[in-house]
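A.B. asks: Structure supplied as target17.cif; contents: mmCIF, C-alpha atoms.
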```cif
data_work
#
loop_
_atom_site.label_atom_id
_atom_site.label_comp_id
_atom_site.auth_asym_id
_atom_site.auth_seq_id
_atom_site.Cartn_x
_atom_site.Cartn_y
_atom_site.Cartn_z
CA MET A 26 0.00 0.00 0.00
CA GLY A 27 1.12 3.51 -0.66
CA PRO A 28 1.02 6.54 1.58
CA VAL A 29 -2.30 7.54 2.98
CA ALA A 30 -3.58 10.83 1.73
CA GLY A 31 -1.71 13.62 3.49
CA ARG A 32 0.65 11.28 5.38
CA TRP A 33 4.11 10.17 4.59
CA SER A 34 5.62 7.12 6.15
CA ARG A 35 8.87 7.68 7.98
CA PRO A 36 11.83 5.40 7.79
CA PRO A 37 12.57 3.60 11.08
CA GLN A 38 14.60 5.72 13.55
CA ARG A 39 18.13 4.66 14.40
CA GLY A 40 20.11 5.49 17.55
CA PHE A 41 19.47 5.37 21.27
CA THR A 42 16.64 6.83 23.25
CA LEU A 43 17.31 9.24 26.08
CA ILE A 44 16.37 6.55 28.62
CA GLU A 45 18.89 4.12 27.14
CA LEU A 46 21.63 6.76 27.29
CA LEU A 47 20.83 7.61 30.92
CA VAL A 48 20.88 3.92 31.91
CA ALA A 49 24.26 3.53 30.20
CA LEU A 50 25.64 6.57 32.06
CA VAL A 51 24.40 5.27 35.41
CA VAL A 52 25.96 1.86 34.79
CA ALA A 53 29.26 3.51 33.81
CA ALA A 54 29.20 5.75 36.90
CA VAL A 55 28.57 2.79 39.20
CA ALA A 56 31.38 0.81 37.56
CA ILE A 57 33.83 3.73 37.86
CA SER A 58 32.93 4.35 41.50
CA MET A 59 33.41 0.67 42.32
CA ILE A 60 36.83 0.69 40.68
CA ALA A 61 37.81 3.89 42.52
CA PHE A 62 36.41 2.62 45.81
CA ASN A 63 38.31 -0.66 45.51
CA GLY A 64 41.48 1.15 44.46
CA PHE A 65 42.47 1.40 48.12
CA SER A 66 42.42 -1.53 50.46
CA GLY A 67 40.01 -1.28 53.38
CA GLY A 68 42.84 -0.35 55.74
CA GLN A 69 44.15 2.31 53.38
CA ARG A 70 40.67 3.86 53.05
CA GLY A 71 40.18 4.00 56.81
CA LEU A 72 43.65 5.37 57.42
CA ARG A 73 43.25 7.99 54.70
CA PHE A 74 39.97 9.10 56.30
CA GLU A 75 41.72 9.41 59.68
CA ALA A 76 44.55 11.39 58.08
CA GLU A 77 42.14 13.76 56.32
CA ARG A 78 40.31 14.35 59.60
CA MET A 79 43.56 14.87 61.48
CA ALA A 80 44.79 17.37 58.87
CA GLN A 81 41.62 19.42 59.30
CA ILE A 82 41.95 19.30 63.08
CA LEU A 83 45.60 20.36 62.88
CA ALA A 84 44.53 23.39 60.84
CA LEU A 85 41.97 24.20 63.55
CA ALA A 86 44.61 23.83 66.27
CA SER A 87 46.91 26.22 64.40
CA GLU A 88 44.15 28.83 64.15
CA GLU A 89 43.11 28.31 67.76
CA ALA A 90 46.67 28.91 69.00
CA GLN A 91 46.73 32.21 67.13
CA LEU A 92 43.32 33.23 68.49
CA ARG A 93 44.21 32.32 72.08
CA GLY A 94 47.67 33.80 71.85
CA THR A 95 49.18 30.73 73.47
CA ALA A 96 50.89 27.54 72.30
CA ILE A 97 48.97 24.36 71.51
CA ARG A 98 50.81 21.04 71.21
CA LEU A 99 49.84 17.76 69.56
CA GLN A 100 50.33 14.68 71.71
CA ALA A 101 49.88 11.39 69.84
CA ASP A 102 50.55 7.70 70.31
CA ASP A 103 49.38 4.35 68.89
CA SER A 104 45.94 4.66 70.50
CA GLY A 105 45.00 8.23 69.53
CA TYR A 106 45.85 11.89 69.90
CA ARG A 107 44.94 14.98 71.87
CA PHE A 108 45.97 18.59 72.20
CA LEU A 109 47.65 20.31 75.11
CA VAL A 110 47.65 24.02 75.87
CA LEU A 111 50.45 25.91 77.61
CA ARG A 112 49.08 27.46 80.81
CA GLU A 113 51.26 28.82 83.59
CA ARG A 114 54.35 27.16 82.10
CA ARG A 115 52.69 23.73 82.10
CA TRP A 116 51.23 21.66 79.27
CA LEU A 117 47.66 20.80 80.21
CA PRO A 118 45.03 18.86 78.24
CA LEU A 119 42.84 21.13 76.15
CA LEU A 120 39.39 20.36 77.52
CA ASP A 121 37.37 23.47 76.68
CA ASP A 122 37.25 23.00 72.90
CA GLU A 123 34.98 20.31 71.41
CA ASP A 124 36.73 20.41 68.02
CA LEU A 125 40.14 19.77 69.59
CA ARG A 126 38.97 17.06 71.98
CA GLU A 127 40.87 13.82 72.48
CA ARG A 128 40.37 11.32 69.65
CA ARG A 129 41.02 7.59 69.43
CA TRP A 130 42.17 5.77 66.31
CA ASP A 131 39.76 3.20 64.86
CA GLU A 132 42.64 0.72 64.99
CA SER A 133 46.13 0.83 66.45
CA THR A 134 48.10 3.33 64.36
CA ARG A 135 51.79 4.13 64.48
CA ILE A 136 52.64 7.80 64.09
CA ALA A 137 55.97 9.37 63.18
CA LEU A 138 56.85 13.06 63.04
CA LEU A 139 59.35 14.20 60.43
CA ARG A 140 60.75 17.72 60.86
CA PRO A 141 63.80 19.21 59.13
CA ASP A 142 64.84 20.95 62.36
CA GLY A 143 64.77 17.66 64.32
CA TYR A 144 62.34 19.00 66.95
CA GLY A 145 60.20 16.13 68.21
CA GLN A 146 56.93 18.02 68.77
CA VAL A 147 54.17 19.64 66.76
CA GLU A 148 53.40 22.95 68.39
CA PHE A 149 51.35 25.82 67.13
CA GLY A 150 51.86 29.31 68.49
CA ARG A 151 51.06 32.93 67.82
CA ASP A 152 53.22 32.99 64.69
CA VAL A 153 51.49 32.28 61.41
CA VAL A 154 54.68 30.88 59.85
CA ASP A 155 56.15 27.67 61.25
CA VAL A 156 58.63 25.01 60.19
CA PRO A 157 57.20 22.59 57.60
CA PHE A 158 56.73 19.05 58.87
CA SER A 159 55.21 15.70 57.96
CA ILE A 160 53.28 13.25 60.08
CA GLU A 161 53.30 9.67 58.86
CA LEU A 162 50.46 7.36 59.91
CA VAL A 163 51.02 3.61 59.53
CA ARG A 164 48.44 0.90 60.07
CA ASP A 165 49.15 -2.70 59.02
CA GLN A 166 50.44 -2.33 55.43
CA ALA A 167 48.78 1.06 54.84
CA ARG A 168 50.76 4.29 55.04
CA VAL A 169 49.52 7.89 54.70
CA THR A 170 51.43 11.14 55.21
CA ILE A 171 50.15 14.55 56.28
CA HIS A 172 52.36 17.36 54.99
CA ALA A 173 52.31 20.79 56.65
CA ASN A 174 53.82 23.61 54.62
CA GLY A 175 54.49 25.85 57.62
CA LEU A 176 51.83 28.35 56.57
CA GLY A 177 48.80 26.55 57.99
CA MET A 178 48.12 24.38 54.92
CA PHE A 179 47.89 20.61 55.40
CA ASP A 180 47.94 18.09 52.56
CA VAL A 181 47.31 14.34 52.80
CA ARG A 182 49.26 12.03 50.47
#
```
Translate this file's structure into structure tokens.

C.D. replies:
Amino acid sequence: MGPVAGRWSRPPQRGFTLIELLVALVVAAVAISMIAFNGFSGGQRGLRFEAERMAQILALASEEAQLRGTAIRLQADDSGYRFLVLRERRWLPLLDDEDLRERRWDESTRIALLRPDGYGQVEFGRDVVDVPFSIELVRDQARVTIHANGLGMFDVR
């Protein structure tokens, strides 16, 4: 049969519908996120999260020392870390700041401080500029390093 009066038949459409394209994009996004998520081992992911959190808290401690006009020191071991404040020539636990409260590691974590000047402490004071340093966190086979540039910027690698 030929075309109906006033109508032309169209050739069949080729290509993908919008729904098909969206489904393909969602599948690709899920696959990429799974690959990225599995790129780190479980221990590496957890340790990296801890390092990111610690870097943010170190930045807060640096700012808090400047605001208070007194030194704040990091005290860390395999079980966790806390901050001390210098009051009357004594280092006392910083208890009046919720953001700088004592924190425990999710798992036992070794911590090593690397400073070019050899000083064995991380202390923040009234000065904005400090000596750059690195803090290495090690848990099982995972290893993450927090780099401080001495200007209040902290980078996790």

A.B. asks: Which one is closest to Asp103 in chain A: A:Phe149, A:Tyr144, A:Trp116, A:Trp130? Count only C-alpha atoms.

C.D. replies: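 Checking each of A:Phe149, A:Tyr144, A:Trp116, A:Trp130 against Asp103 in chain A, counting only C-alpha atoms, the winner is A:Trp130.
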
A.B. asks: Given the choices A:Gly175, A:Leu111, A:Arg168, A:Gln100, which gets closest to Glu127 in chain A if the distance is worked out from only C-alpha atoms?

C.D. replies: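 Nearest candidate to Glu127 in chain A out of A:Gly175, A:Leu111, A:Arg168, A:Gln100: A:Gln100.
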
A.B. asks: With all atoms listed in the file as the basis for distance, which of A:Arg135, A:Arg78, A:Arg70, A:Arg128 is at the shortest distance from Asp102 in chain A?

C.D. replies: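 So, comparing all the options, the nearest one is A:Arg135.
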
A.B. asks: Taking all atoms listed in the file into account, name the residue in A:Asp131, A:Asp121, A:Glu89, A:Glu113 that is nearest to Ala76 in chain A.

C.D. replies: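 Smallest distance to Ala76 in chain A is found for A:Asp131.
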
A.B. asks: Could you check which of A:Leu125, A:Ser104, A:Ile97, A:Ala56 is closest to Leu162 in chain A, using only C-alpha atoms?

C.D. replies: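 The closest residue to Leu162 in chain A is A:Ser104.
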
A.B. asks: Rebuild N, CA and C atoms on range 72-86 of chain A, as a CSV table (one decimal), in the coordinates of the input?

C.D. replies:
```csv
chain,number,residue,atom,x,y,z
A,72,LEU,N,42.5,4.6,57.0
A,72,LEU,CA,43.6,5.4,57.4
A,72,LEU,C,43.7,6.7,56.7
A,73,ARG,N,43.3,6.7,55.4
A,73,ARG,CA,43.2,8.0,54.7
A,73,ARG,C,42.2,8.9,55.3
A,74,PHE,N,41.0,8.3,55.7
A,74,PHE,CA,40.0,9.1,56.3
A,74,PHE,C,40.5,9.7,57.6
A,75,GLU,N,41.2,8.9,58.4
A,75,GLU,CA,41.7,9.4,59.7
A,75,GLU,C,42.7,10.5,59.4
A,76,ALA,N,43.6,10.4,58.4
A,76,ALA,CA,44.6,11.4,58.1
A,76,ALA,C,43.9,12.7,57.6
A,77,GLU,N,42.9,12.6,56.8
A,77,GLU,CA,42.1,13.8,56.3
A,77,GLU,C,41.5,14.5,57.5
A,78,ARG,N,40.9,13.7,58.4
A,78,ARG,CA,40.3,14.4,59.6
A,78,ARG,C,41.4,15.0,60.5
A,79,MET,N,42.5,14.3,60.7
A,79,MET,CA,43.6,14.9,61.5
A,79,MET,C,44.1,16.1,60.9
A,80,ALA,N,44.3,16.2,59.5
A,80,ALA,CA,44.8,17.4,58.9
A,80,ALA,C,43.9,18.6,59.1
A,81,GLN,N,42.6,18.3,59.0
A,81,GLN,CA,41.6,19.4,59.3
A,81,GLN,C,41.7,19.9,60.8
A,82,ILE,N,41.9,19.0,61.7
A,82,ILE,CA,42.0,19.3,63.1
A,82,ILE,C,43.3,20.0,63.4
A,83,LEU,N,44.3,19.6,62.7
A,83,LEU,CA,45.6,20.4,62.9
A,83,LEU,C,45.5,21.8,62.4
A,84,ALA,N,44.8,22.0,61.3
A,84,ALA,CA,44.5,23.4,60.8
A,84,ALA,C,43.7,24.2,61.9
A,85,LEU,N,42.7,23.5,62.5
A,85,LEU,CA,42.0,24.2,63.6
A,85,LEU,C,42.9,24.5,64.8
A,86,ALA,N,43.7,23.6,65.1
A,86,ALA,CA,44.6,23.8,66.3
A,86,ALA,C,45.5,25.0,66.0
```
